[in-house]
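J.: My structure is stored as model.txt, with compact mmCIF, C-alpha atoms.
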# COMPACT_ATOMS: atom_id res chain seq x y z
CA MET A 7 10.64 24.24 6.12
CA GLU A 8 9.44 23.36 2.62
CA ILE A 9 8.22 19.79 2.15
CA TYR A 10 9.33 18.17 -1.10
CA ARG A 11 7.13 15.56 -2.72
CA PRO A 12 6.68 14.12 -6.23
CA LYS A 13 4.35 15.86 -8.66
CA ARG A 14 1.73 13.27 -9.51
CA ARG A 15 0.31 12.39 -12.90
CA HIS A 16 -3.39 13.19 -13.17
CA THR A 17 -5.80 10.35 -13.92
CA ARG A 18 -9.48 9.60 -13.87
CA THR A 19 -10.90 9.11 -10.35
CA VAL A 20 -12.32 5.67 -9.61
CA TYR A 21 -14.04 4.86 -6.31
CA ILE A 22 -13.54 1.53 -4.58
CA GLY A 23 -16.27 1.74 -1.98
CA GLN A 24 -15.68 5.13 -0.38
CA VAL A 25 -11.96 5.23 -1.23
CA PRO A 26 -11.08 7.43 -4.23
CA VAL A 27 -8.27 6.14 -6.43
CA GLY A 28 -6.57 8.49 -8.88
CA GLY A 29 -7.50 12.05 -9.75
CA GLY A 30 -4.92 13.47 -7.37
CA HIS A 31 -6.40 11.77 -4.31
CA PRO A 32 -3.98 10.33 -1.72
CA VAL A 33 -2.16 7.17 -2.77
CA SER A 34 -4.00 4.37 -0.96
CA VAL A 35 -2.46 1.30 0.66
CA GLN A 36 -3.87 -2.11 -0.19
CA SER A 37 -3.22 -5.67 0.86
CA MET A 38 -4.58 -9.16 0.28
CA THR A 39 -5.56 -11.76 2.82
CA ASN A 40 -3.76 -15.10 2.88
CA THR A 41 -6.52 -16.89 4.78
CA ASP A 42 -8.95 -19.37 3.24
CA THR A 43 -11.79 -17.05 2.15
CA ARG A 44 -14.23 -19.83 2.90
CA ASP A 45 -13.22 -19.48 6.56
CA ILE A 46 -15.20 -16.37 7.44
CA GLU A 47 -13.89 -16.01 10.99
CA ALA A 48 -10.22 -16.25 10.06
CA THR A 49 -10.64 -13.92 7.10
CA VAL A 50 -12.54 -11.26 9.05
CA ALA A 51 -10.00 -11.43 11.90
CA GLN A 52 -7.10 -10.88 9.51
CA ILE A 53 -8.86 -8.02 7.73
CA LYS A 54 -9.41 -6.26 11.05
CA ARG A 55 -5.69 -6.62 11.87
CA LEU A 56 -4.85 -5.18 8.47
CA GLU A 57 -7.22 -2.27 8.97
CA GLU A 58 -5.59 -1.50 12.32
CA ALA A 59 -2.21 -1.46 10.58
CA GLY A 60 -3.44 1.08 8.02
CA CYS A 61 -4.80 -1.00 5.14
CA GLU A 62 -7.39 0.99 3.17
CA ILE A 63 -8.57 -1.52 0.55
CA ILE A 64 -8.58 -5.29 1.04
CA ARG A 65 -8.59 -8.00 -1.61
CA VAL A 66 -9.51 -11.65 -1.08
CA ALA A 67 -8.97 -14.71 -3.24
CA VAL A 68 -12.08 -16.29 -4.74
CA PRO A 69 -11.02 -19.78 -5.79
CA ASP A 70 -14.46 -21.34 -6.06
CA THR A 71 -18.22 -20.87 -5.70
CA GLU A 72 -18.18 -21.57 -1.96
CA ALA A 73 -15.68 -18.75 -1.41
CA ALA A 74 -17.66 -16.40 -3.64
CA LYS A 75 -20.84 -17.02 -1.68
CA LYS A 76 -19.09 -16.15 1.60
CA LEU A 77 -18.16 -12.63 0.45
CA GLY A 78 -21.42 -11.03 1.51
CA LYS A 79 -21.04 -12.25 5.08
CA ILE A 80 -17.43 -11.06 5.17
CA LYS A 81 -18.41 -7.68 3.76
CA LYS A 82 -20.98 -7.09 6.50
CA ARG A 83 -18.37 -7.56 9.24
CA ILE A 84 -15.54 -5.35 8.00
CA GLY A 85 -14.98 -1.64 7.54
CA LEU A 86 -12.77 -1.77 4.45
CA PRO A 87 -13.78 -1.82 0.78
CA LEU A 88 -13.71 -5.43 -0.37
CA VAL A 89 -12.23 -6.48 -3.72
CA ALA A 90 -12.76 -9.95 -5.17
CA ASP A 91 -9.74 -11.48 -6.91
CA ILE A 92 -10.97 -13.57 -9.84
CA HIS A 93 -9.05 -16.01 -12.01
CA PHE A 94 -10.19 -18.48 -14.67
CA ASP A 95 -13.93 -18.63 -13.91
CA TYR A 96 -15.83 -15.45 -14.85
CA ARG A 97 -18.93 -16.79 -13.08
CA LEU A 98 -17.21 -16.22 -9.74
CA ALA A 99 -17.09 -12.51 -10.57
CA LEU A 100 -20.85 -12.53 -11.18
CA ILE A 101 -21.49 -14.18 -7.81
CA ALA A 102 -19.08 -11.82 -6.06
CA MET A 103 -20.95 -8.80 -7.37
CA ASP A 104 -24.26 -10.26 -6.24
CA GLU A 105 -22.66 -10.65 -2.79
CA GLY A 106 -21.94 -6.91 -2.63
CA VAL A 107 -18.18 -6.55 -3.19
CA ASP A 108 -16.81 -3.07 -3.84
CA GLY A 109 -14.49 -3.98 -6.68
CA LEU A 110 -13.21 -6.74 -8.96
CA ARG A 111 -9.74 -7.73 -10.03
CA ILE A 112 -9.72 -9.85 -13.16
CA ASN A 113 -6.68 -11.23 -14.98
CA PRO A 114 -7.13 -10.83 -18.74
CA GLY A 115 -4.64 -13.61 -19.34
CA ASN A 116 -6.91 -16.26 -17.89
CA ILE A 117 -10.47 -14.92 -17.62
CA GLY A 118 -11.53 -16.30 -21.01
CA ASP A 119 -13.17 -15.10 -24.22
CA ARG A 120 -14.61 -11.66 -24.85
CA CYS A 121 -18.18 -12.83 -24.30
CA ARG A 122 -17.30 -13.76 -20.72
CA VAL A 123 -15.65 -10.42 -20.06
CA GLU A 124 -18.72 -8.70 -21.51
CA GLU A 125 -21.02 -10.53 -19.13
CA VAL A 126 -18.89 -9.43 -16.17
CA VAL A 127 -18.80 -5.82 -17.38
CA LYS A 128 -22.55 -5.61 -17.91
CA LYS A 129 -23.18 -6.62 -14.31
CA ALA A 130 -20.45 -4.26 -13.08
CA VAL A 131 -22.28 -1.41 -14.85
CA ASP A 132 -25.52 -2.37 -13.11
CA TYR A 133 -23.86 -2.49 -9.68
CA LYS A 134 -21.49 0.44 -10.34
CA ILE A 135 -18.50 -1.71 -9.38
CA PRO A 136 -15.00 -0.78 -10.65
CA ILE A 137 -12.78 -3.33 -12.36
CA ARG A 138 -9.02 -3.63 -12.05
CA ILE A 139 -7.42 -5.14 -15.11
CA GLY A 140 -4.61 -7.03 -13.43
CA VAL A 141 -1.92 -8.07 -15.90
CA ASN A 142 0.80 -10.42 -14.63
CA ALA A 143 3.91 -11.19 -16.65
CA GLY A 144 3.57 -14.85 -15.70
CA SER A 145 0.14 -15.34 -17.25
CA LEU A 146 0.13 -13.58 -20.61
CA LYS A 147 -1.62 -15.21 -23.53
CA LYS A 148 0.45 -17.37 -25.87
CA GLU A 149 0.00 -15.12 -28.89
CA LEU A 150 1.45 -12.14 -27.02
CA LEU A 151 4.44 -14.15 -25.84
CA GLU A 152 5.09 -15.25 -29.42
CA LYS A 153 4.61 -11.73 -30.84
CA TYR A 154 7.02 -10.06 -28.43
CA GLY A 155 9.37 -12.95 -27.76
CA GLY A 156 8.40 -13.22 -24.11
CA ALA A 157 6.63 -11.38 -21.31
CA THR A 158 8.03 -7.97 -22.18
CA PRO A 159 6.68 -4.66 -20.86
CA GLU A 160 5.22 -4.02 -24.31
CA ALA A 161 3.40 -7.36 -24.24
CA MET A 162 1.98 -6.58 -20.81
CA VAL A 163 0.70 -3.18 -21.92
CA GLU A 164 -0.87 -4.66 -25.06
CA SER A 165 -2.65 -7.23 -22.91
CA ALA A 166 -4.07 -4.45 -20.76
CA ALA A 167 -4.99 -2.37 -23.82
CA HIS A 168 -6.96 -5.22 -25.36
CA HIS A 169 -9.20 -5.46 -22.31
CA VAL A 170 -9.43 -1.73 -21.77
CA LYS A 171 -10.79 -1.51 -25.31
CA ILE A 172 -13.46 -4.11 -24.56
CA LEU A 173 -14.55 -2.25 -21.45
CA GLU A 174 -14.58 1.12 -23.21
CA GLU A 175 -16.60 -0.29 -26.11
CA LEU A 176 -19.18 -1.37 -23.55
CA GLY A 177 -19.28 2.15 -22.11
CA PHE A 178 -17.39 1.17 -18.97
CA TYR A 179 -14.70 3.54 -17.65
CA ASP A 180 -14.34 2.76 -13.94
CA ILE A 181 -11.08 1.03 -14.70
CA ILE A 182 -7.87 0.58 -12.72
CA ILE A 183 -4.82 -1.04 -14.31
CA SER A 184 -1.91 -3.01 -12.90
CA LEU A 185 1.03 -4.53 -14.77
CA LYS A 186 3.13 -6.62 -12.43
CA ALA A 187 6.24 -8.71 -12.85
CA SER A 188 8.58 -10.25 -10.30
CA ASP A 189 11.58 -8.25 -11.51
CA VAL A 190 11.78 -4.55 -10.81
CA MET A 191 12.97 -3.15 -14.14
CA ARG A 192 10.34 -4.90 -16.24
CA THR A 193 7.65 -3.77 -13.82
CA VAL A 194 8.84 -0.16 -13.88
CA ARG A 195 9.01 -0.05 -17.67
CA ALA A 196 5.54 -1.55 -18.06
CA TYR A 197 4.04 1.10 -15.78
CA GLN A 198 5.93 3.88 -17.56
CA LEU A 199 4.46 2.76 -20.87
CA ALA A 200 1.00 2.42 -19.35
CA SER A 201 1.15 5.90 -17.83
CA GLU A 202 1.79 7.32 -21.30
CA ARG A 203 -1.05 5.37 -22.87
CA PHE A 204 -3.97 5.18 -20.42
CA PRO A 205 -5.90 7.89 -18.55
CA TYR A 206 -6.83 5.46 -15.79
CA PRO A 207 -5.38 5.12 -12.28
CA LEU A 208 -2.56 2.64 -11.83
CA HIS A 209 -2.29 0.08 -9.05
CA LEU A 210 1.43 -0.38 -8.35
CA GLY A 211 3.22 -3.48 -7.15
CA VAL A 212 6.13 -5.83 -7.78
CA THR A 213 4.51 -9.24 -7.70
CA GLU A 214 6.01 -12.23 -5.91
CA ALA A 215 8.65 -9.91 -4.44
CA GLY A 216 9.75 -12.48 -1.87
CA SER A 217 10.52 -12.44 1.84
CA PRO A 218 10.05 -9.35 4.03
CA GLY A 219 13.76 -8.66 3.64
CA ALA A 220 14.42 -8.97 -0.10
CA GLY A 221 10.80 -8.22 -1.01
CA THR A 222 10.83 -4.95 0.89
CA VAL A 223 13.90 -3.81 -1.04
CA LYS A 224 12.44 -4.77 -4.42
CA SER A 225 9.09 -3.15 -3.60
CA ALA A 226 10.65 0.02 -2.29
CA ILE A 227 12.77 0.42 -5.42
CA GLY A 228 10.00 -0.50 -7.86
CA ILE A 229 7.03 1.21 -6.24
CA GLY A 230 9.07 4.08 -4.86
CA GLY A 231 10.82 4.67 -8.17
CA LEU A 232 7.50 4.95 -9.98
CA LEU A 233 5.97 7.21 -7.36
CA LEU A 234 9.00 9.49 -7.67
CA GLN A 235 8.04 9.89 -11.34
CA GLY A 236 4.49 10.78 -10.36
CA ILE A 237 3.18 7.40 -11.52
CA GLY A 238 0.80 5.41 -9.33
CA ASP A 239 -2.43 5.91 -7.43
CA THR A 240 -2.72 2.91 -5.11
CA ILE A 241 -0.10 0.37 -3.99
CA ARG A 242 0.18 -3.18 -2.75
CA VAL A 243 3.48 -4.53 -1.45
CA SER A 244 3.63 -8.29 -2.10
CA LEU A 245 5.55 -10.15 0.61
CA THR A 246 5.62 -13.79 1.66
CA GLY A 247 4.12 -14.11 5.14
CA ASP A 248 1.87 -12.01 7.33
CA PRO A 249 0.19 -9.38 5.11
CA VAL A 250 0.32 -6.87 7.96
CA GLU A 251 3.98 -6.44 7.03
CA GLU A 252 2.90 -5.46 3.51
CA VAL A 253 0.85 -2.60 4.93
CA LYS A 254 3.68 -1.41 7.16
CA VAL A 255 6.12 -1.36 4.26
CA GLY A 256 3.58 0.37 2.02
CA TRP A 257 3.17 3.17 4.51
CA GLN A 258 6.92 3.50 4.93
CA ILE A 259 7.30 3.94 1.17
CA LEU A 260 4.63 6.66 1.09
CA LYS A 261 5.98 8.41 4.17
CA SER A 262 9.52 8.43 2.80
CA LEU A 263 8.28 10.32 -0.27
CA ASN A 264 6.14 12.74 1.78
CA LEU A 265 3.05 11.45 -0.03
CA ARG A 266 1.22 10.35 3.12
CA GLN A 267 1.74 10.58 6.86
CA ARG A 268 0.52 8.08 9.40
CA GLY A 269 1.96 7.06 12.72
CA VAL A 270 5.45 7.60 14.01
CA GLU A 271 8.47 8.15 11.78
CA ILE A 272 11.65 7.30 13.67
CA ILE A 273 14.99 8.66 12.53
CA SER A 274 17.99 6.95 14.09
CA CYS A 275 21.68 7.07 13.27
CA PRO A 276 23.51 3.92 12.10
CA THR A 277 25.97 4.23 15.04
CA CYS A 278 29.72 4.55 14.70
CA GLY A 279 32.77 4.83 16.91
CA ARG A 280 31.52 8.18 18.24
CA CYS A 281 28.41 6.66 19.81
CA GLU A 282 28.83 6.54 23.61
CA ILE A 283 25.37 5.37 24.70
CA ASN A 284 23.51 2.09 24.18
CA LEU A 285 21.57 3.41 21.21
CA GLU A 286 20.24 0.03 20.04
CA ASP A 287 18.54 -0.62 23.36
CA ILE A 288 17.12 2.91 23.52
CA LEU A 289 15.81 2.61 19.97
CA ARG A 290 14.19 -0.75 20.71
CA GLN A 291 12.37 0.68 23.72
CA VAL A 292 11.19 3.71 21.75
CA GLU A 293 9.92 1.51 18.90
CA GLU A 294 8.01 -0.73 21.29
CA ARG A 295 6.38 2.26 22.95
CA THR A 296 5.40 4.03 19.74
CA ILE A 297 4.28 1.13 17.53
CA ALA A 298 0.57 1.65 18.24
CA ILE A 299 0.55 5.44 17.78
CA LYS A 300 -1.42 6.42 14.68
CA LYS A 301 -0.99 10.17 14.94
CA PRO A 302 1.82 11.51 12.75
CA LEU A 303 4.94 12.20 14.80
CA LYS A 304 8.59 12.50 13.79
CA ILE A 305 10.97 11.15 16.40
CA ALA A 306 14.78 11.25 16.29
CA VAL A 307 16.96 8.85 18.27
CA MET A 308 20.55 9.97 17.75
CA GLY A 309 23.70 8.65 19.33
CA CYS A 310 26.34 11.36 19.19
CA VAL A 311 26.94 15.11 19.11
CA VAL A 312 27.93 15.38 15.42
CA ASN A 313 24.51 15.17 13.70
CA GLY A 314 22.40 14.30 16.71
CA PRO A 315 21.32 17.74 17.93
CA GLY A 316 20.55 18.98 14.42
CA GLU A 317 18.38 15.98 13.53
CA ALA A 318 16.69 16.02 16.93
CA ARG A 319 15.80 19.69 16.53
CA GLU A 320 13.98 18.96 13.26
CA ALA A 321 11.86 16.25 14.87
CA ASP A 322 8.73 16.68 16.96
CA LEU A 323 10.58 14.86 19.72
CA GLY A 324 14.17 13.75 19.83
CA ILE A 325 17.03 12.28 21.82
CA ALA A 326 20.65 13.24 21.24
CA GLY A 327 23.05 11.11 23.24
CA GLY A 328 26.45 11.90 24.69
CA ARG A 329 28.82 10.17 27.12
CA GLY A 330 26.51 8.60 29.68
CA MET A 331 23.86 11.29 29.19
CA GLY A 332 21.49 12.74 26.65
CA LEU A 333 19.46 15.76 25.61
CA ILE A 334 15.73 15.60 24.97
CA PHE A 335 14.41 17.97 22.32
CA LYS A 336 10.78 18.93 21.81
CA ASN A 337 9.79 21.00 18.78
CA GLY A 338 13.37 22.11 18.29
CA GLN A 339 14.08 23.11 21.87
CA VAL A 340 16.11 21.33 24.55
CA VAL A 341 13.70 20.50 27.37
CA LYS A 342 15.84 18.16 29.48
CA LYS A 343 19.37 16.95 30.03
CA VAL A 344 19.35 13.58 31.79
CA SER A 345 21.60 10.64 32.55
CA GLU A 346 21.55 7.66 30.18
CA ASP A 347 19.78 5.39 32.67
CA ARG A 348 16.84 7.84 32.84
CA LEU A 349 16.82 8.88 29.20
CA VAL A 350 14.08 6.58 27.93
CA GLU A 351 11.91 7.12 31.03
CA GLU A 352 12.04 10.91 30.65
CA PHE A 353 11.60 10.68 26.90
CA LEU A 354 8.41 8.62 27.32
CA LYS A 355 7.03 11.21 29.76
CA GLU A 356 7.48 13.88 27.11
CA LEU A 357 5.95 11.59 24.49
CA ASP A 358 2.85 11.00 26.64
CA GLN A 359 2.37 14.75 26.98
CA MET A 360 2.84 15.25 23.24
CA GLU A 361 0.30 12.56 22.37
CA ASN A 362 -2.30 14.44 24.36
CA ILE A 363 -1.83 17.65 22.39
CA VAL A 364 -1.26 16.36 18.84
CA ASP A 365 -4.29 16.94 16.60
CA GLY A 366 -6.35 13.87 15.82
CA GLY A 367 -6.48 12.09 12.48
CA ASN A 368 -4.14 9.83 10.61
CA GLU A 369 -2.66 12.42 8.28
CA ARG A 370 -1.16 15.86 8.33
Show me, as structure tokens, the structure contained in the file I just sent.

T.:
Amino acid sequence: MEIYRPKRRHTRTVYIGQVPVGGGHPVSVQSMTNTDTRDIEATVAQIKRLEEAGCEIIRVAVPDTEAAKKLGKIKKRIGLPLVADIHFDYRLALIAMDEGVDGLRINPGNIGDRCRVEEVVKKAVDYKIPIRIGVNAGSLKKELLEKYGGATPEAMVESAAHHVKILEELGFYDIIISLKASDVMRTVRAYQLASERFPYPLHLGVTEAGSPGAGTVKSAIGIGGLLLQGIGDTIRVSLTGDPVEEVKVGWQILKSLNLRQRGVEIISCPTCGRCEINLEDILRQVEERTIAIKKPLKIAVMGCVVNGPGEAREADLGIAGGRGMGLIFKNGQVVKKVSEDRLVEEFLKELDQMENIVDGGNER
């Protein structure tokens, strides 16, 4: 069956460590630690959890010189490209580069005068370190707010353009751009304008999106809506709480658009009056058993005979329930008909066998 996916806009390729961003390469998933960067042990431990969840690029806050000087030790203990997040003090970016980071994020609204940006860029050229120009609606310069009557998408793009021009004039082109706001429509419009204006890869995100509930919805609409238009080369979902959830949501967005595949995709019906098995309990058990699987598998857990068999047949492995019993499908074929009390047990046996024969790797 044909797989439908968005046609992506072509951009320049920029490497963050060994991860290519833009140029038609896979859309990468990023996150940011919420530990104190000065606490090396806590930061490294969180980064390793994020990597296990599927994070491909990690960013850390650099609030002061002490944090900047810890970056080298953190870098040596992790497997992900490390990006230093710099605000206000350009000298922290200089230290971070000396410590061996793989990328910088600077906010043009608060990094300071051109001479400071130039000093950062010159060292980035020497170290071959890419720079993300990270524009936030909440920190635009006063003159832009006055010119446009607020933090409009046009003001955000002009802010980015000003700093892109500085970098280009210095012969620097390893640039990534982000233009984030906390509301979806302003964010989407800013990225649309940027995609028309700049040849550089775009880092997508709705900033300060909120809790895992509301923030997931806003991020899925904003990030997903842009990806559907072919806009975006790397993403970070911003949620309050454990950043591992950001990575999970990021992968779900990419998987839903057929842009990437990693781990198990579970299809389950919403249940209705036709459901005659305890589908919620079955689904919970299946989720618990499959959460650690990284190989791409499509699993269907369906509760009735209306759509159940059809959906289950299209999955790698599926359950279609009936009155007190269920069918187990594998690669489109019924392999077992069992009673409800044995359904999960028999399903897991089939899953174990399938795991042993699925090709390795995190993508297909």

J.: Kindly indicate which residue among A:Arg65, A:Lys300, A:Arg203, A:Arg120 lies nearest to A:Leu176, using only C-alpha atoms for the distances.

T.: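 When distances to A:Leu176 are compared using only C-alpha atoms, the smallest one comes from A:Arg120.
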
J.: Would you kindly return, as a VMD selection string, each protein, DNA or RNA residue with an atom no farther than 8 Å from any atom of stretch 351-355 of chain A, considering all atoms listed in the file and excluding same-chain residues fewer than 6 positions away?

T.: chain A and resid 292 295 325 334 344

J.: Pick out the closest residue to A:Ile135 from this set: A:His31, A:Arg111, A:Lys82, A:Lys301. Count only C-alpha atoms.

T.: A:Arg111

J.: Fewer than 2 positions away in the same chain doesn't count, so skip those; otherwise give me all residues within 12 Å of A:Asp132, counting only C-alpha atoms, as a ChimeraX atom specification.

T.: /A:100,103-104,106,125-130,134-136,177-178

J.: Enumerate, in order of chain and increasing residue number, the residues of stretch 108-184 of chain A with an atom no farther than 6 Å from stretch 207-218 of chain A, each with its shortest atom pair and distance in Å to one decimal, counting all atoms listed in the file, as CSV.

T.:
residue,atom,partner,partner_atom,distance
A:Ile182,CA,A:Pro207,CA,5.2
A:Ile183,CA,A:Leu208,CA,5.0
A:Ser184,CA,A:His209,CA,5.0

J.: Record the distance separating atom CA of A:Gly109 and atom CA of A:Val250, expressed in Å with one decimal.

T.: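 Distance between the two atoms: 21.0 Å.
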
J.: Write out as a PDB file with C-alpha atoms, keeping the file's coordinate frame each polymer residue whose atoms come within 12 Å of A:Ser188, counting only C-alpha atoms; drop sequence neighbours fewer than 4 positions from it.

T.:
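Here's the written file around15.pdb:
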ATOM      1  CA  ASN A 142       0.800 -10.420 -14.630  1.00  0.00           C
ATOM      2  CA  ALA A 143       3.910 -11.190 -16.650  1.00  0.00           C
ATOM      3  CA  GLY A 144       3.570 -14.850 -15.700  1.00  0.00           C
ATOM      4  CA  ALA A 157       6.630 -11.380 -21.310  1.00  0.00           C
ATOM      5  CA  ARG A 192      10.340  -4.900 -16.240  1.00  0.00           C
ATOM      6  CA  THR A 193       7.650  -3.770 -13.820  1.00  0.00           C
ATOM      7  CA  VAL A 194       8.840  -0.160 -13.880  1.00  0.00           C
ATOM      8  CA  GLY A 211       3.220  -3.480  -7.150  1.00  0.00           C
ATOM      9  CA  VAL A 212       6.130  -5.830  -7.780  1.00  0.00           C
ATOM     10  CA  THR A 213       4.510  -9.240  -7.700  1.00  0.00           C
ATOM     11  CA  GLU A 214       6.010 -12.230  -5.910  1.00  0.00           C
ATOM     12  CA  ALA A 215       8.650  -9.910  -4.440  1.00  0.00           C
ATOM     13  CA  GLY A 216       9.750 -12.480  -1.870  1.00  0.00           C
ATOM     14  CA  ALA A 220      14.420  -8.970  -0.100  1.00  0.00           C
ATOM     15  CA  GLY A 221      10.800  -8.220  -1.010  1.00  0.00           C
ATOM     16  CA  LYS A 224      12.440  -4.770  -4.420  1.00  0.00           C
ATOM     17  CA  SER A 225       9.090  -3.150  -3.600  1.00  0.00           C
ATOM     18  CA  GLY A 228      10.000  -0.500  -7.860  1.00  0.00           C
ATOM     19  CA  VAL A 243       3.480  -4.530  -1.450  1.00  0.00           C
ATOM     20  CA  SER A 244       3.630  -8.290  -2.100  1.00  0.00           C
ATOM     21  CA  LEU A 245       5.550 -10.150   0.610  1.00  0.00           C
TER      22      LEU A 245
END

J.: Give me the residues within 12 Å of stretch 69-81 of chain A as a PyMOL selection string, counting all atoms listed in the file and dropping any in the same chain fewer than 3 places off.

T.: chain A and resi 23+41-54+64-66+84-110

J.: Reconstruct stretch 87-108 of chain A at the level of N, CA and C atoms, and format the result as a PDB file, in the frame of the given file.

T.:
ATOM      1  N   PRO A  87     -13.261  -1.392   2.078  1.00  0.00           N
ATOM      2  CA  PRO A  87     -13.780  -1.820   0.780  1.00  0.00           C
ATOM      3  C   PRO A  87     -13.227  -3.191   0.425  1.00  0.00           C
ATOM      4  N   LEU A  88     -14.079  -4.041  -0.103  1.00  0.00           N
ATOM      5  CA  LEU A  88     -13.710  -5.430  -0.370  1.00  0.00           C
ATOM      6  C   LEU A  88     -13.618  -5.673  -1.876  1.00  0.00           C
ATOM      7  N   VAL A  89     -12.465  -6.180  -2.307  1.00  0.00           N
ATOM      8  CA  VAL A  89     -12.230  -6.480  -3.720  1.00  0.00           C
ATOM      9  C   VAL A  89     -12.103  -7.987  -3.889  1.00  0.00           C
ATOM     10  N   ALA A  90     -12.812  -8.516  -4.876  1.00  0.00           N
ATOM     11  CA  ALA A  90     -12.760  -9.950  -5.170  1.00  0.00           C
ATOM     12  C   ALA A  90     -11.718 -10.208  -6.252  1.00  0.00           C
ATOM     13  N   ASP A  91     -10.812 -11.139  -5.991  1.00  0.00           N
ATOM     14  CA  ASP A  91      -9.740 -11.480  -6.910  1.00  0.00           C
ATOM     15  C   ASP A  91     -10.160 -12.714  -7.713  1.00  0.00           C
ATOM     16  N   ILE A  92     -10.377 -12.524  -9.009  1.00  0.00           N
ATOM     17  CA  ILE A  92     -10.970 -13.570  -9.840  1.00  0.00           C
ATOM     18  C   ILE A  92      -9.981 -14.064 -10.887  1.00  0.00           C
ATOM     19  N   HIS A  93      -9.842 -15.377 -10.956  1.00  0.00           N
ATOM     20  CA  HIS A  93      -9.050 -16.010 -12.010  1.00  0.00           C
ATOM     21  C   HIS A  93      -9.853 -17.151 -12.635  1.00  0.00           C
ATOM     22  N   PHE A  94      -9.685 -17.329 -13.925  1.00  0.00           N
ATOM     23  CA  PHE A  94     -10.190 -18.480 -14.670  1.00  0.00           C
ATOM     24  C   PHE A  94     -11.708 -18.511 -14.869  1.00  0.00           C
ATOM     25  N   ASP A  95     -12.491 -18.429 -13.807  1.00  0.00           N
ATOM     26  CA  ASP A  95     -13.930 -18.630 -13.910  1.00  0.00           C
ATOM     27  C   ASP A  95     -14.670 -17.296 -13.756  1.00  0.00           C
ATOM     28  N   TYR A  96     -15.147 -16.749 -14.872  1.00  0.00           N
ATOM     29  CA  TYR A  96     -15.830 -15.450 -14.850  1.00  0.00           C
ATOM     30  C   TYR A  96     -17.105 -15.487 -14.009  1.00  0.00           C
ATOM     31  N   ARG A  97     -17.696 -16.680 -13.852  1.00  0.00           N
ATOM     32  CA  ARG A  97     -18.930 -16.790 -13.080  1.00  0.00           C
ATOM     33  C   ARG A  97     -18.721 -16.447 -11.607  1.00  0.00           C
ATOM     34  N   LEU A  98     -17.510 -16.613 -11.123  1.00  0.00           N
ATOM     35  CA  LEU A  98     -17.210 -16.220  -9.740  1.00  0.00           C
ATOM     36  C   LEU A  98     -17.313 -14.710  -9.572  1.00  0.00           C
ATOM     37  N   ALA A  99     -16.962 -13.977 -10.626  1.00  0.00           N
ATOM     38  CA  ALA A  99     -17.090 -12.510 -10.570  1.00  0.00           C
ATOM     39  C   ALA A  99     -18.559 -12.116 -10.494  1.00  0.00           C
ATOM     40  N   LEU A 100     -19.412 -12.831 -11.210  1.00  0.00           N
ATOM     41  CA  LEU A 100     -20.850 -12.530 -11.180  1.00  0.00           C
ATOM     42  C   LEU A 100     -21.418 -12.774  -9.789  1.00  0.00           C
ATOM     43  N   ILE A 101     -21.022 -13.883  -9.163  1.00  0.00           N
ATOM     44  CA  ILE A 101     -21.490 -14.180  -7.810  1.00  0.00           C
ATOM     45  C   ILE A 101     -20.971 -13.138  -6.829  1.00  0.00           C
ATOM     46  N   ALA A 102     -19.688 -12.790  -6.969  1.00  0.00           N
ATOM     47  CA  ALA A 102     -19.080 -11.820  -6.060  1.00  0.00           C
ATOM     48  C   ALA A 102     -19.824 -10.489  -6.089  1.00  0.00           C
ATOM     49  N   MET A 103     -20.205 -10.054  -7.268  1.00  0.00           N
ATOM     50  CA  MET A 103     -20.950  -8.800  -7.370  1.00  0.00           C
ATOM     51  C   MET A 103     -22.319  -8.910  -6.731  1.00  0.00           C
ATOM     52  N   ASP A 104     -22.967 -10.041  -6.905  1.00  0.00           N
ATOM     53  CA  ASP A 104     -24.260 -10.260  -6.240  1.00  0.00           C
ATOM     54  C   ASP A 104     -24.109 -10.240  -4.718  1.00  0.00           C
ATOM     55  N   GLU A 105     -22.919 -10.615  -4.234  1.00  0.00           N
ATOM     56  CA  GLU A 105     -22.660 -10.650  -2.790  1.00  0.00           C
ATOM     57  C   GLU A 105     -22.296  -9.275  -2.226  1.00  0.00           C
ATOM     58  N   GLY A 106     -22.122  -8.271  -3.108  1.00  0.00           N
ATOM     59  CA  GLY A 106     -21.940  -6.910  -2.630  1.00  0.00           C
ATOM     60  C   GLY A 106     -20.508  -6.424  -2.516  1.00  0.00           C
ATOM     61  N   VAL A 107     -19.564  -7.031  -3.249  1.00  0.00           N
ATOM     62  CA  VAL A 107     -18.180  -6.550  -3.190  1.00  0.00           C
ATOM     63  C   VAL A 107     -18.085  -5.140  -3.756  1.00  0.00           C
ATOM     64  N   ASP A 108     -17.012  -4.457  -3.415  1.00  0.00           N
ATOM     65  CA  ASP A 108     -16.810  -3.070  -3.840  1.00  0.00           C
ATOM     66  C   ASP A 108     -15.974  -2.958  -5.105  1.00  0.00           C
TER      67      ASP A 108
END
